[in-house]
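A.B. asks: Sharing a structure with you now.
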Amino acid sequence: MALLKYEEIAESLRVRIAAGEFTDEPLPSGRELAEQWSVSRATAIKAMDVLRNDGVVVAKQGTGFVVTNTPIARPAGARRAGSARISGGMPFERVGEPDWADPPLRVAAALRMDSGVAALRRTRIHRLPDGSPHSYAEAWFPPEVAEASPRLADTAPIAEGTTRYVRRQTGRYPAEGVDVTTVRLATEHESHHLALSEATAVAVILHTAYDQQGRPLVCEEGVTPSPHYEQVETYAM
């Protein structure tokens, strides 16, 4: 499907941001983009809104749009089509460095990987506005995705987001998500990262994204302490 003009502009800016442009300078203004692309200013502004909704850029008073210094990500689960990353997203920090390891059995099963085959693991902690931990997440990428997307092995955040980066590298993108929620006590490792002083119940969401051909792209296990977990659904009866 061909990109609409504003999507094309936004994608072009993503590529330039990923290449390191605009690190020390603001992005082009709406007027400049309109002139460069021969479009209306409204179309140019819509392109910037796409980047802002994805948490890639922020508006800075008196300067314009700049690449964000505080990357955001959404906790595992509920990543429905059309939902913006900034909606429900929160600041995060990387835990250690991405590494290759044998995934837990249920992650390996979700990724359709044989026992003993390593996957690339990226770990992060989501933070609440006061800086305290909200949730702990481990994202696992199968070898065919990780090897084709070398920046996944870097500690630095991927400004354009891992989904768009993987799509650029592989041509594969999420078409279906499956979320499985269970409840258990936090492990000692999780309690350490979540600053839990006693045995605490946690909600565990196993989120698996499948591409347009039904192949698993990533499996993420998100752990949220019970005081921070709430799921609300509204439906007809």
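Within each chain, counting starts at residue 1; across the structure tokens, chains are named A, B, ... in the order shown, with ligands numbered 1 upward in that order.
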Give me the residues within 12 Å of Ser191 (chain A) as a VMD selection string, counting only C-alpha atoms and dropping any in the same chain fewer than 3 places off.

C.D. replies: chain A and resid 125 133 to 136 185 to 188 194 to 202 223 to 225

A.B. asks: Would you save the residues from that selection as a PDB file, in the first residue's frame, using N, CA, C and O atoms?

C.D. replies:
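The result, written out as out_2.pdb:
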ATOM      1  N   ILE A 125      13.233  -1.044  32.078  1.00  0.00           N
ATOM      2  CA  ILE A 125      12.347  -0.720  33.190  1.00  0.00           C
ATOM      3  C   ILE A 125      11.575   0.536  32.823  1.00  0.00           C
ATOM      4  O   ILE A 125      12.169   1.553  32.438  1.00  0.00           O
ATOM      5  N   PRO A 133       9.956   2.650  39.725  1.00  0.00           N
ATOM      6  CA  PRO A 133       9.672   1.646  38.691  1.00  0.00           C
ATOM      7  C   PRO A 133       8.179   1.368  38.537  1.00  0.00           C
ATOM      8  O   PRO A 133       7.448   1.294  39.520  1.00  0.00           O
ATOM      9  N   HIS A 134       7.750   1.242  37.317  1.00  0.00           N
ATOM     10  CA  HIS A 134       6.370   0.853  37.035  1.00  0.00           C
ATOM     11  C   HIS A 134       6.300  -0.616  36.628  1.00  0.00           C
ATOM     12  O   HIS A 134       5.475  -1.378  37.138  1.00  0.00           O
ATOM     13  N   SER A 135       7.189  -1.029  35.721  1.00  0.00           N
ATOM     14  CA  SER A 135       7.171  -2.410  35.239  1.00  0.00           C
ATOM     15  C   SER A 135       8.530  -2.780  34.671  1.00  0.00           C
ATOM     16  O   SER A 135       9.357  -1.918  34.352  1.00  0.00           O
ATOM     17  N   TYR A 136       8.727  -4.076  34.564  1.00  0.00           N
ATOM     18  CA  TYR A 136       9.987  -4.643  34.076  1.00  0.00           C
ATOM     19  C   TYR A 136       9.653  -5.484  32.856  1.00  0.00           C
ATOM     20  O   TYR A 136       8.682  -6.246  32.864  1.00  0.00           O
ATOM     21  N   LEU A 185       3.848 -14.482  41.971  1.00  0.00           N
ATOM     22  CA  LEU A 185       4.694 -13.647  42.807  1.00  0.00           C
ATOM     23  C   LEU A 185       5.936 -13.231  42.023  1.00  0.00           C
ATOM     24  O   LEU A 185       6.427 -13.973  41.178  1.00  0.00           O
ATOM     25  N   ALA A 186       6.433 -12.052  42.307  1.00  0.00           N
ATOM     26  CA  ALA A 186       7.643 -11.565  41.650  1.00  0.00           C
ATOM     27  C   ALA A 186       8.833 -12.432  42.041  1.00  0.00           C
ATOM     28  O   ALA A 186       8.938 -12.893  43.184  1.00  0.00           O
ATOM     29  N   THR A 187       9.724 -12.662  41.087  1.00  0.00           N
ATOM     30  CA  THR A 187      10.954 -13.383  41.399  1.00  0.00           C
ATOM     31  C   THR A 187      11.904 -12.444  42.146  1.00  0.00           C
ATOM     32  O   THR A 187      11.704 -11.227  42.193  1.00  0.00           O
ATOM     33  N   GLU A 188      12.954 -13.001  42.697  1.00  0.00           N
ATOM     34  CA  GLU A 188      13.945 -12.177  43.392  1.00  0.00           C
ATOM     35  C   GLU A 188      14.581 -11.178  42.429  1.00  0.00           C
ATOM     36  O   GLU A 188      14.797 -10.012  42.774  1.00  0.00           O
ATOM     37  N   LEU A 194      12.374  -3.879  40.484  1.00  0.00           N
ATOM     38  CA  LEU A 194      11.141  -3.135  40.730  1.00  0.00           C
ATOM     39  C   LEU A 194      11.090  -2.521  42.121  1.00  0.00           C
ATOM     40  O   LEU A 194      10.075  -1.946  42.514  1.00  0.00           O
ATOM     41  N   ALA A 195      12.190  -2.639  42.865  1.00  0.00           N
ATOM     42  CA  ALA A 195      12.300  -2.056  44.205  1.00  0.00           C
ATOM     43  C   ALA A 195      11.188  -2.552  45.125  1.00  0.00           C
ATOM     44  O   ALA A 195      10.584  -1.771  45.873  1.00  0.00           O
ATOM     45  N   LEU A 196      10.923  -3.851  45.088  1.00  0.00           N
ATOM     46  CA  LEU A 196       9.903  -4.450  45.949  1.00  0.00           C
ATOM     47  C   LEU A 196      10.588  -5.023  47.186  1.00  0.00           C
ATOM     48  O   LEU A 196      11.547  -5.792  47.074  1.00  0.00           O
ATOM     49  N   SER A 197      10.100  -4.668  48.367  1.00  0.00           N
ATOM     50  CA  SER A 197      10.752  -5.086  49.602  1.00  0.00           C
ATOM     51  C   SER A 197      10.217  -6.394  50.153  1.00  0.00           C
ATOM     52  O   SER A 197      10.781  -6.973  51.081  1.00  0.00           O
ATOM     53  N   GLU A 198       9.097  -6.874  49.608  1.00  0.00           N
ATOM     54  CA  GLU A 198       8.511  -8.119  50.111  1.00  0.00           C
ATOM     55  C   GLU A 198       7.853  -8.852  48.947  1.00  0.00           C
ATOM     56  O   GLU A 198       7.736  -8.307  47.837  1.00  0.00           O
ATOM     57  N   ALA A 199       7.474 -10.087  49.218  1.00  0.00           N
ATOM     58  CA  ALA A 199       6.822 -10.873  48.168  1.00  0.00           C
ATOM     59  C   ALA A 199       5.571 -10.140  47.674  1.00  0.00           C
ATOM     60  O   ALA A 199       4.683  -9.807  48.460  1.00  0.00           O
ATOM     61  N   THR A 200       5.526  -9.857  46.396  1.00  0.00           N
ATOM     62  CA  THR A 200       4.444  -9.060  45.826  1.00  0.00           C
ATOM     63  C   THR A 200       3.859  -9.769  44.615  1.00  0.00           C
ATOM     64  O   THR A 200       4.590 -10.310  43.774  1.00  0.00           O
ATOM     65  N   ALA A 201       2.527  -9.767  44.531  1.00  0.00           N
ATOM     66  CA  ALA A 201       1.868 -10.324  43.358  1.00  0.00           C
ATOM     67  C   ALA A 201       2.122  -9.414  42.159  1.00  0.00           C
ATOM     68  O   ALA A 201       2.093  -8.179  42.279  1.00  0.00           O
ATOM     69  N   VAL A 202       2.378 -10.020  41.014  1.00  0.00           N
ATOM     70  CA  VAL A 202       2.608  -9.249  39.794  1.00  0.00           C
ATOM     71  C   VAL A 202       1.752  -9.806  38.672  1.00  0.00           C
ATOM     72  O   VAL A 202       1.444 -11.003  38.631  1.00  0.00           O
ATOM     73  N   VAL A 223       6.310  -7.432  33.365  1.00  0.00           N
ATOM     74  CA  VAL A 223       5.951  -7.736  34.750  1.00  0.00           C
ATOM     75  C   VAL A 223       5.593  -6.438  35.470  1.00  0.00           C
ATOM     76  O   VAL A 223       6.423  -5.525  35.569  1.00  0.00           O
ATOM     77  N   THR A 224       4.353  -6.351  35.974  1.00  0.00           N
ATOM     78  CA  THR A 224       3.870  -5.146  36.644  1.00  0.00           C
ATOM     79  C   THR A 224       3.363  -5.490  38.036  1.00  0.00           C
ATOM     80  O   THR A 224       2.487  -6.352  38.178  1.00  0.00           O
ATOM     81  N   PRO A 225       3.891  -4.849  39.093  1.00  0.00           N
ATOM     82  CA  PRO A 225       3.385  -5.112  40.449  1.00  0.00           C
ATOM     83  C   PRO A 225       1.891  -4.804  40.550  1.00  0.00           C
ATOM     84  O   PRO A 225       1.392  -3.880  39.899  1.00  0.00           O
TER      85      PRO A 225
END

A.B. asks: Can you tell me, as a VMD selection string, which residues in region 14-180 of chain A count as alpha helix (DSSP H) by DSSP?

C.D. replies: chain A and resid 14 to 18 30 to 37 41 to 53 105 to 110 143 to 146 162 to 170

A.B. asks: Grab the residues selected above and save them as a CSV table (one decimal), in the first residue's frame with C-alpha atoms.

C.D. replies:
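Wrote result.csv, looks like this:
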chain,number,residue,atom,x,y,z
A,14,ARG,CA,12.6,9.0,10.7
A,15,VAL,CA,15.3,7.8,8.4
A,16,ARG,CA,17.2,11.1,8.8
A,17,ILE,CA,16.8,11.0,12.6
A,18,ALA,CA,18.0,7.3,12.6
A,30,GLY,CA,6.2,23.2,8.9
A,31,ARG,CA,6.8,26.0,6.4
A,32,GLU,CA,10.2,24.5,5.4
A,33,LEU,CA,8.8,21.0,5.0
A,34,ALA,CA,5.9,22.4,2.9
A,35,GLU,CA,8.3,24.1,0.5
A,36,GLN,CA,10.7,21.1,0.3
A,37,TRP,CA,7.9,18.6,-0.4
A,41,ARG,CA,1.6,23.4,5.5
A,42,ALA,CA,-1.3,21.4,7.0
A,43,THR,CA,0.1,18.2,5.4
A,44,ALA,CA,3.6,19.0,6.8
A,45,ILE,CA,2.2,19.6,10.3
A,46,LYS,CA,0.3,16.3,10.1
A,47,ALA,CA,3.6,14.6,9.4
A,48,MET,CA,5.2,16.2,12.5
A,49,ASP,CA,2.1,15.1,14.5
A,50,VAL,CA,2.8,11.5,13.5
A,51,LEU,CA,6.4,11.8,14.9
A,52,ARG,CA,5.1,13.5,18.0
A,53,ASN,CA,2.5,10.8,18.7
A,105,LEU,CA,10.2,-22.1,27.6
A,106,ARG,CA,6.9,-20.2,27.0
A,107,VAL,CA,8.8,-17.5,25.2
A,108,ALA,CA,10.5,-20.0,23.0
A,109,ALA,CA,7.2,-21.7,22.3
A,110,ALA,CA,5.6,-18.3,21.3
A,143,PRO,CA,17.6,-14.9,15.3
A,144,GLU,CA,16.3,-14.2,11.8
A,145,VAL,CA,15.0,-10.8,13.0
A,146,ALA,CA,17.9,-9.9,15.3
A,162,THR,CA,12.1,-0.9,17.2
A,163,THR,CA,9.0,-1.8,15.2
A,164,ARG,CA,9.7,0.7,12.4
A,165,TYR,CA,13.4,-0.1,12.5
A,166,VAL,CA,12.8,-3.8,12.1
A,167,ARG,CA,10.3,-3.1,9.3
A,168,ARG,CA,13.0,-1.0,7.4
A,169,GLN,CA,15.5,-3.8,7.9
A,170,THR,CA,13.4,-6.8,7.1

A.B. asks: Could the residues of region 81-179 of chain A that have an atom at most 12 Å from region 65-70 of chain A be listed as a Markdown table, each with its closest atom pair and the distance in Å to one decimal, counting only C-alpha atoms and ordered by chain and ascending residue number?

C.D. replies:
| residue | atom | partner | partner_atom | distance |
| --- | --- | --- | --- | --- |
| A:Ile86 | CA | A:Thr70 | CA | 11.8 |
| A:Gly89 | CA | A:Thr70 | CA | 11.4 |
| A:Met90 | CA | A:Thr70 | CA | 9.2 |
| A:Pro91 | CA | A:Thr70 | CA | 6.3 |
| A:Phe92 | CA | A:Thr70 | CA | 8.0 |
| A:Glu93 | CA | A:Thr70 | CA | 9.2 |
| A:Arg94 | CA | A:Thr70 | CA | 12.0 |
| A:His126 | CA | A:Thr70 | CA | 11.8 |
| A:Arg127 | CA | A:Thr70 | CA | 11.2 |
| A:Ala156 | CA | A:Asn69 | CA | 11.4 |
| A:Pro157 | CA | A:Thr70 | CA | 9.4 |
| A:Ile158 | CA | A:Thr68 | CA | 11.2 |
| A:Ala159 | CA | A:Val67 | CA | 8.0 |
| A:Glu160 | CA | A:Val67 | CA | 9.9 |
